[in-house]
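Engineer: Quick one: the structure is below, and I'll ask about it shortly.
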Amino acid sequence: MSEIKQHAFLFDAARCIDCRACMVACSVENKIPMDKTRIWVSGIGVKGEYPNLESATMVYHCMHCEDPDCASACPVGAWVKRSDGPVLYDSKLCIGCRYCMNACPFGVPHYDWDKGLIDGAFIDKCSMCPQRIDIGLEPACVATCPTDALVFGERADLLKDAHARIAAHPYRYIDHVYGETENGGTSYLIISHVPFKELGLPELGPTPLKDISELIMGGTIPFALGWAAVLSGVAAGAYALDKKKEAKDKHVETQEELPAKTEATQ
Amino acid sequence: MPNTLSRRDFLKVGGAAVGALVLGRFIPPLVAEAARATGMLDATNSGYIPTMCEMCVWRCGVLAKVEDGRVVKLEGNPDHPHSKGNLCPRGQSGLMNTYDPDRVLSPLVRVGKRGEGLFRKTSWDEALDIVATNMLKIKEKYGPEAMVFSSTHNLSQPLFENLLYAFGSPNYGTQRSLCFNAMITAFSLTYGVEEPSRKYDDVEFILMVGRNMMEAISTSETSELSHAIDRGAKFVYLDPRYTKTASKATEWIPIRPGTDSAFLLAMINVIVSNELADCEFVKKYVVGCDGIKTAMQGYTPEWAEEITGVPATTIERIAREYAAAKHNALAHPGWRTSNFINSFQTERAIATLNALSGNVLTPGGCLSAEMAAEGAGLGAPPQPPYPRVSALRLDGVPWKYPLVSLKLGVFQELRDTILTGEPYQAHGWFISRQNPILSLPDRAKTLEAFGKMDFITTIDIIMNDTAWFSDVVLPETSYLERYDPLLPVGDKAFIRQPVVEPQGEAKSALWIYKQLGERLGLGDFFHYADEEDYLRQQLASLGVSLEEVKSKGYAEMPETESSGEITFNTPSGKIEVYSETLKNAGFSPWPTWEEPPQPAEGQFYLLTGKVAQQTQFGTQNNQMLHKYSDEPRLWMNAKVAAEKGLADGDWVEVTSEVGKANVRLLATQAIRPDCVYLTPGYGHLSKGLTTAFGFGTSDSVLHVTYTDPISGGQALSQTFVSVKKA
């Protein structure tokens, strides 16, 4: 068995040279169709005005959240967070509802429109190369990275490494490790010399979005009951008022009409 | 799979362990048969086979993952000093070269007009007979010198050269004058080595002049540079373009094209006039330490500011920072230094800066100028001496270009003399793994030169443009399907071996040259039974079996004994900042300033330079690289584009003295206002390249031919263009 309890990536934007070796390695390793990709490069492009320029790129793929929203949103359990890190997808279970795509705050899972119910697979995303990590190899993207912008290992060790790099070059890096707490923590950790938002990363709190929605969803029954009680109260009040009014106008209403009106109100 | 080692051991930290695992566990032995015998493949023909990349000339070590006789993935070999476990995007996509649907898989003979693309398939016997008959006909009628041979940097080149020297032709075209003549000539004259190697372990200050290391990737060196920057080394980078390398530099200087040598000469001026150099080293090992102060007198930072556009204070500061780093400073020699006719002087100035920092041969110094005794420990098949050649070389070496080495040549001049027919007319062209139609400047002229030929034959794995215009096309196996001669790197000799069976009728260069040699009556120059026999003869003196080398990926070489004495392979035995050789040939003995031409009003410098996803002119048909490459557009400064009424994405017409090309515009801040840039290698003419044909445009259409009289280098950035809306 592996000694690694929690596999994770550490990406350093200051080291990335946008060579795309990771993209090619991933596509070959995972036999990705020629019109698809599991990795993309986002970034700030060339910012500024000649000659005062800045540029930064980021290798973007699944963040492998500690507590993934995709898995939470999936009605059939096609997403599983493996205890040692990777968030994995089972195409056999997938019904193609695409709830996971809406749930993921990073916009990672993508739908394969070329495939249908017949082919079975709908969603594609980075898998952390379980076929490699299970035999002790690094994921394909990490193994080939010529500048070590991507490294792989135990999450706790990488976090320490990330903080050590920031401490060693405080003027270079932003003092934050993205993914340490974001969305409840991710297995893809990022340090950068430009704001994370500019790299295309969403600003997220430490609570996974799904917990927020669970909080809301968890409140729906009490809320519904409470609302029902309120409405019942309103109804009862209205009835009572109505009764009073009826009593006042008794001389106008016939005796037979009353029960029928009461039923309608209830 | 049972696993006795922990996974942790295989992680990058212990990259070597991956090799151990791969070699010890997976690798069981022709390709499948032989690989099983040596233990590289298992009973299902699956496993890892060590070999060598050929996606560029850096030649990283590769572990090819094979499944059921098919290569499915390439990994960087942790045991190889050029890959250290990593591969660049080109290396990763290498298997798509082998599985390119456009592979030529049988010998072809032209049946239509040249360039029409009509060929018939034929047998090797017939194809080789046609080639040999035509070559012999030309030899008999016009002499052997009427056959031109050309090939680009590859491992079977010694056998290619065998063929041409045995045939008796002096006319040899390589890519060198389109690439690194300036660097090699300058360093050979100054240090007596072609290309000093760099060491980044202790580097504190790195100066790179247009060496776009983060895009023109040399895997291990790119990695070393990246780690040096990471550590906090100062990295000053001169380039008119904000490349990916510029974005990683501590200081990017968008210098005016063609003026690098003025910048460097002013740095030398600051260092010598303030006596900041490593005097002890300089006095002991450098010729010229007495006169250099006087020779550099006029090259003040103020003088350089006028020329380069870089403030004098900046130049002075950088010179002082460079000198302060002492032998931990590195002025990088560069690579493709064919930029301006003064690029030789740029390289001489770089060589001088290194000498002044004392970084050569000093322990911990950043430049290693030891003579690389490449291949010294390896055997070779016996062969008779070459016939004496009395004909002049068409490329003017040495009668027109006295300082250009025979090995380097001046390819563009060779093409031009084919056109003029002076001093004599060439009639046949034998090309191996080279694409001069795209690589030589002024494509119209190259096509015209092709028209002058009675016979053209090309060896390639795909229908490259040059093959498209040939009479016979001989299909070579891809680098994952063949053996090449062993390559020594450091104290090891590495192997390139087939990891999968060759497709179709494709054959290795070693086989083709031998077959052709025999038909030309030159069989004595090819004393090997087959590829494996050639490698066995190379290994004979080492006492290692081929089988062992195949499974290990390399052979250990005996250590070469160092005399301990420092001498340089120059006439004086010292570093020649002052060169008598140059003086005697009628050139300045000191590094000197030569004013290059400038574009006229409304014109731009046309710059070219590599991208990380493509290599020169041969990889654009690789579908995987095509997928991950940016569309090749013409970069223009966004402000200038706006002034010209051009918008990003517009189609524009680019016109130079020799040609016109239409291309889409990229309006960007990342380039000087007086420059435009085009990615080279696109705009293929061959319809046999279904991915690359018609995509982008070729810089060779626009490039004007200018040759540096000292190094013979083609000045690729000396072409000026005008741009208007198409």
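Labeling convention for the structure tokens: chains A, B, ... as they appear, residues from 1 per chain, ligands from 1 in order of appearance.
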For a quick test of understanding: name the residues of chain A lying within 9 Å of chain B when counting only C-alpha atoms, and present them as a ChimeraX atom specification.
Structural biologist: /A:1-4,14-15,17-25,27-29,31,34-35,46-51,53-56,133-138,140,142-148,151-153,169
Engineer: Mind listing the alpha helix (DSSP H) residues of range 17-264 of chain A, per DSSP on the backbone, as a PyMOL selection string?
Structural biologist: chain A and resi 21-29+69-73+99-103+130-133+140-144+155-168+209-218+220-248+257-264
Engineer: Please list as a PyMOL selection string every residue within 7 Å of range 342-358 of chain B, counting only C-alpha atoms and excluding residues in the same chain fewer than 4 positions away.
Structural biologist: chain B and resi 182-183+186-187+190+260-261+264-265+268+277-278+281-282+323+326-327+329-331+333+337-338+362+577+591-592+594+596+708+711
Engineer: Within 12 Å of range 93-97 of chain A, counting only C-alpha atoms, which residues show up once you throw out same-chain ones fewer than 2 positions away? Write them as a count of residues only, please.
Structural biologist: 34
Engineer: Name the residues in contact with His527 in chain B at a cut-off of 12 Å, using only C-alpha atoms, excluding same-chain residues fewer than 5 positions from it; report them as a PyMOL selection string.
Structural biologist: chain B and resi 159+162+380-384+510-511+513-515+517-518+522+533-535+537
